[in-house]
Amino acid sequence: MTLPSETETVIKRILPYLRRRGYDEIKDFAFEAGATYTDRYDKGFIDILVTCGQPNPLFLVEAKRISRSLTKKDQKQALDYGWGKKVPFVVVTNGRDVRALNTKTGDPIRWDGSLVGRIPTKAQLTKAVAFLRKNPEAQDVPLGGDTSLPFKPGLPLRQLNRVFAKCHTWIRNIEKREDDAFADFSKILFLKLLQEKADAEGTTLPYSYRFWELAEYDDKKADQVKSAVQSMLVEARKQYGDVLAEPLKLNQAPTYLKIVRALSEVSFFDSEADVKGAAFEYFVRATLKGKKLGQYFTPRPLVDFMISLVGRERVVASLKAGVDIRVVDPACGTGGFLVYALREGIAKVESDFAARTITAATRDTLLERLKHDVFYGADANEGVASAAKMNMIVAGDGHTNINAEDTLTRGAQVWSPPGGIDLILTNPPFGTSESDSLAADDLDAYDIGTSKGQLLFLQRMMREIKPEGLICSVIDEGVLNTESAAHVRQAILKHTYLRAVVRLPAETFRPNKINVRAAVLLLEGRVRSDPDLADKYPVRFIDVESLGYDGTGASLRGLEFSKLKTEVETWMRVASPRARSGYNWSAFVVGSREIAADGTYRFDLKY
């Protein structure tokens, strides 16, 4: 199903911005409200009529398709609707530009004297409307010194990659080097994300520069932009020295100006992807030959689905019960799993507080523990681990528990205390050999001799998970059926309960130019091992037809991904499951003894 172009503008571009401005789309808006032009009898429909629960509307939003420029005709249509609804101002937008117009005069409104694309917050709206009703021809409308960021659109992954590609090209062509391209770019991106974080949370930044203002400098002032960015880093380093310790290697002022201009045109908070992860994946692919490293960005829908598998409320429920819980990603990359789980936990706590099921004191305690005591991660690449720290800072914090280390070594700190992990969420490197990176003493610590990274990760995770703890890991589908992995599959059956095998869609990693068939394993730690494979329990096999996007990364319109997740999560809680089909998924059950009876211990869906 294809959305009408104006509806796409509203859903993908405008509603995320209005939510951050404090509006509730259910309580505050009327969609597709009828309206009549002032100079003819034709009837139209207003995209968003803002009422905030009042009998008389306060303003309206007229949306046009994203691909077109705004015209005088578009503005006149919005003003006509505004006259008909007797609102003091209207907003017309194409999802790139936002223009507020005085309904009576048709002139652009300057909020706090500034002609920028901005819509008043819900808290500011009452005073702004009262001012305009008293001064109906006013062009300058006070908002109380609003210093918030102007509207910028969120983008899907494909368009984010175009932004990253432009920045990478400028680094390569202007600087004539790209060895530190990702490290340098990630620091500037971090500064932009900090600004968006402060804007969303209403907190204060340690510096006064803003990307959107610097982006307006002309080319002759590129040196000033370079100095501003370096000054911002100096100030940010006082608070986040552990992730910004290394200075920028960029030398040329035009590089700074071009990158600032590109980043200033996007709202990363409203974009559809984990921005740090997407940027890392792009730069790995472009400069580090990511296939050889085995490093793959985990798409957010897959992260979301895996959290459904382990139970969305697992972490917060444990904390509420006074039980410590430790969540680890031993190959965290830029921290996608940890960031998503942290944000989910924060949202759950805030939701419980809003519903008055917990007190303010309990909320504060839970948030403090979520941000500092729960999530741990590591990556063998120091620059990537630093990017994960930045990602966690933007998400809420917890960055002090992210370290650069090879978690396959004997002394890896992420596993401390040994055998004490409650939940592992990860996507370890595919197809890598650890024969050169691990010392012989480290390799000897594994019961099953191998140099294959995935098989070593599975062994280490089984050793470190608590009884009744869960391992939810992406794996190459070959781990499920190849002869070389048979001993590891046997060890899985001995040392954990094989709770579920999920076959992922073929296009899971294709948006990032990776053509590999993958699956997800869900394992539960045992109190005692089962050396004879005598236990009898159901093993769930799930075939997921779609994760809600196509091979380019574009969302599949009309596909209700939340429905798929809810159905699977519900079926996972059934004590005695049976085969069934659902919304874009199907499943069947095999007894553990049947798998153990096969000498190859295969547990792929095809078999």
# chains A, B, ... in the order shown; residues from 1 in each chain; ligands from 1
$ select_by_dssp --residues "range 517-552 of chain A" --states "strand (DSSP E)" --output "PyMOL selection string"
chain A and resi 518-525+538-544
$ write_last_selection --atoms "N, CA and C atoms" --output "PDB file, in the first residue's frame"
ATOM      1  N   ALA A 518      21.298 -15.411   7.604  1.00  0.00           N
ATOM      2  CA  ALA A 518      21.557 -15.437   9.033  1.00  0.00           C
ATOM      3  C   ALA A 518      20.362 -15.976   9.796  1.00  0.00           C
ATOM      4  N   ALA A 519      20.606 -16.316  11.050  1.00  0.00           N
ATOM      5  CA  ALA A 519      19.566 -16.813  11.941  1.00  0.00           C
ATOM      6  C   ALA A 519      19.812 -16.239  13.327  1.00  0.00           C
ATOM      7  N   VAL A 520      18.871 -16.475  14.225  1.00  0.00           N
ATOM      8  CA  VAL A 520      19.018 -16.075  15.627  1.00  0.00           C
ATOM      9  C   VAL A 520      18.865 -17.313  16.489  1.00  0.00           C
ATOM     10  N   LEU A 521      19.777 -17.466  17.441  1.00  0.00           N
ATOM     11  CA  LEU A 521      19.684 -18.538  18.429  1.00  0.00           C
ATOM     12  C   LEU A 521      19.256 -17.951  19.770  1.00  0.00           C
ATOM     13  N   LEU A 522      18.294 -18.596  20.413  1.00  0.00           N
ATOM     14  CA  LEU A 522      17.897 -18.228  21.770  1.00  0.00           C
ATOM     15  C   LEU A 522      18.210 -19.416  22.675  1.00  0.00           C
ATOM     16  N   LEU A 523      19.156 -19.216  23.586  1.00  0.00           N
ATOM     17  CA  LEU A 523      19.618 -20.273  24.478  1.00  0.00           C
ATOM     18  C   LEU A 523      19.389 -19.858  25.922  1.00  0.00           C
ATOM     19  N   GLU A 524      19.107 -20.849  26.773  1.00  0.00           N
ATOM     20  CA  GLU A 524      18.911 -20.584  28.198  1.00  0.00           C
ATOM     21  C   GLU A 524      19.932 -21.362  29.008  1.00  0.00           C
ATOM     22  N   GLY A 525      20.584 -20.670  29.940  1.00  0.00           N
ATOM     23  CA  GLY A 525      21.579 -21.327  30.780  1.00  0.00           C
ATOM     24  C   GLY A 525      20.963 -22.406  31.663  1.00  0.00           C
ATOM     25  N   PRO A 538      10.509 -28.868  24.366  1.00  0.00           N
ATOM     26  CA  PRO A 538      10.222 -28.406  23.009  1.00  0.00           C
ATOM     27  C   PRO A 538      11.225 -27.352  22.528  1.00  0.00           C
ATOM     28  N   VAL A 539      11.648 -27.488  21.285  1.00  0.00           N
ATOM     29  CA  VAL A 539      12.504 -26.487  20.638  1.00  0.00           C
ATOM     30  C   VAL A 539      11.667 -25.794  19.560  1.00  0.00           C
ATOM     31  N   ARG A 540      11.586 -24.498  19.630  1.00  0.00           N
ATOM     32  CA  ARG A 540      10.757 -23.725  18.707  1.00  0.00           C
ATOM     33  C   ARG A 540      11.576 -23.303  17.493  1.00  0.00           C
ATOM     34  N   PHE A 541      11.018 -23.546  16.324  1.00  0.00           N
ATOM     35  CA  PHE A 541      11.621 -23.115  15.065  1.00  0.00           C
ATOM     36  C   PHE A 541      10.699 -22.085  14.419  1.00  0.00           C
ATOM     37  N   ILE A 542      11.240 -20.917  14.159  1.00  0.00           N
ATOM     38  CA  ILE A 542      10.437 -19.801  13.654  1.00  0.00           C
ATOM     39  C   ILE A 542      11.015 -19.316  12.325  1.00  0.00           C
ATOM     40  N   ASP A 543      10.168 -19.168  11.341  1.00  0.00           N
ATOM     41  CA  ASP A 543      10.573 -18.648  10.034  1.00  0.00           C
ATOM     42  C   ASP A 543       9.939 -17.272   9.861  1.00  0.00           C
ATOM     43  N   VAL A 544      10.767 -16.219   9.908  1.00  0.00           N
ATOM     44  CA  VAL A 544      10.283 -14.844   9.778  1.00  0.00           C
ATOM     45  C   VAL A 544      10.372 -14.432   8.310  1.00  0.00           C
TER      46      VAL A 544
END
$ select_by_dssp --residues "range 193-225 of chain A" --states "alpha helix (DSSP H)" --output "list in words"
Leu193, Leu194, Gln195, Glu196, Lys197, Ala198, Asp199, Ala200, Glu201, Phe211, Trp212, Glu213, Leu214, Ala222, Asp223, Gln224 and Val225 of chain A
$ residues_around --residues "Gly22 in chain A" --least-positions-apart "3" --cutoff "7 Å" --atoms "only C-alpha atoms" --output "short mmCIF file (atom, residue, chain, number, x, y, z; two decimals) with N, CA and C atoms, in the first residue's frame"
data_model
loop_
_atom_site.label_atom_id
_atom_site.label_comp_id
_atom_site.auth_asym_id
_atom_site.auth_seq_id
_atom_site.Cartn_x
_atom_site.Cartn_y
_atom_site.Cartn_z
N LEU A 18 6.68 17.24 16.01
CA LEU A 18 5.64 17.76 16.91
C LEU A 18 5.61 17.00 18.24
N ARG A 19 5.90 15.70 18.19
CA ARG A 19 5.96 14.95 19.45
C ARG A 19 7.06 15.52 20.35
N THR A 121 6.27 25.17 20.84
CA THR A 121 5.98 23.99 21.64
C THR A 121 4.56 24.10 22.16
N LYS A 122 4.05 22.99 22.66
CA LYS A 122 2.70 23.03 23.22
C LYS A 122 2.66 23.98 24.42
#
$ residues_around --residues "Val87 in chain A" --least-positions-apart "2" --cutoff "6 Å" --atoms "only C-alpha atoms" --output "ChimeraX atom specification"
/A:58-59,82,85,89
$ write_last_selection --atoms "N, CA and C atoms" --output "JSON list (two decimals), in the first residue's frame"
[["chain", "number", "residue", "atom", "x", "y", "z"],
["A", 58, "LEU", "N", -6.35, 26.12, 17.23],
["A", 58, "LEU", "CA", -5.30, 27.08, 17.53],
["A", 58, "LEU", "C", -4.41, 27.38, 16.32],
["A", 59, "PHE", "N", -4.07, 26.36, 15.54],
["A", 59, "PHE", "CA", -3.39, 26.56, 14.26],
["A", 59, "PHE", "C", -3.56, 25.28, 13.44],
["A", 82, "GLY", "N", -6.87, 28.53, 6.95],
["A", 82, "GLY", "CA", -6.74, 29.25, 8.21],
["A", 82, "GLY", "C", -7.86, 30.26, 8.43],
["A", 85, "LYS", "N", -11.03, 28.42, 9.38],
["A", 85, "LYS", "CA", -11.04, 27.87, 10.74],
["A", 85, "LYS", "C", -10.76, 28.94, 11.80],
["A", 89, "PHE", "N", -2.58, 31.64, 12.99],
["A", 89, "PHE", "CA", -1.45, 31.37, 12.09],
["A", 89, "PHE", "C", -1.59, 29.96, 11.53]]
$ atom_distance --atom1 "CA of Gly335 in chain A" --atom2 "CA of Lys466 in chain A"
22.3 Å
$ residues_around --residues "Glu545 in chain A" --least-positions-apart "5" --cutoff "8 Å" --atoms "only C-alpha atoms" --output "PyMOL selection string"
chain A and resi 504-505+584-585
$ write_last_selection --atoms "N, CA and C atoms" --output "PDB file, in the first residue's frame"
ATOM      1  N   LEU A 504      16.032 -15.859   9.626  1.00  0.00           N
ATOM      2  CA  LEU A 504      15.811 -14.468   9.243  1.00  0.00           C
ATOM      3  C   LEU A 504      15.602 -14.348   7.743  1.00  0.00           C
ATOM      4  N   PRO A 505      14.900 -13.300   7.296  1.00  0.00           N
ATOM      5  CA  PRO A 505      14.677 -13.110   5.857  1.00  0.00           C
ATOM      6  C   PRO A 505      15.989 -12.935   5.105  1.00  0.00           C
ATOM      7  N   ASN A 584       3.115 -12.797   8.763  1.00  0.00           N
ATOM      8  CA  ASN A 584       4.470 -12.779   8.197  1.00  0.00           C
ATOM      9  C   ASN A 584       5.448 -13.674   8.966  1.00  0.00           C
ATOM     10  N   TRP A 585       4.945 -14.728   9.575  1.00  0.00           N
ATOM     11  CA  TRP A 585       5.826 -15.695  10.225  1.00  0.00           C
ATOM     12  C   TRP A 585       5.102 -17.024  10.356  1.00  0.00           C
TER      13      TRP A 585
END
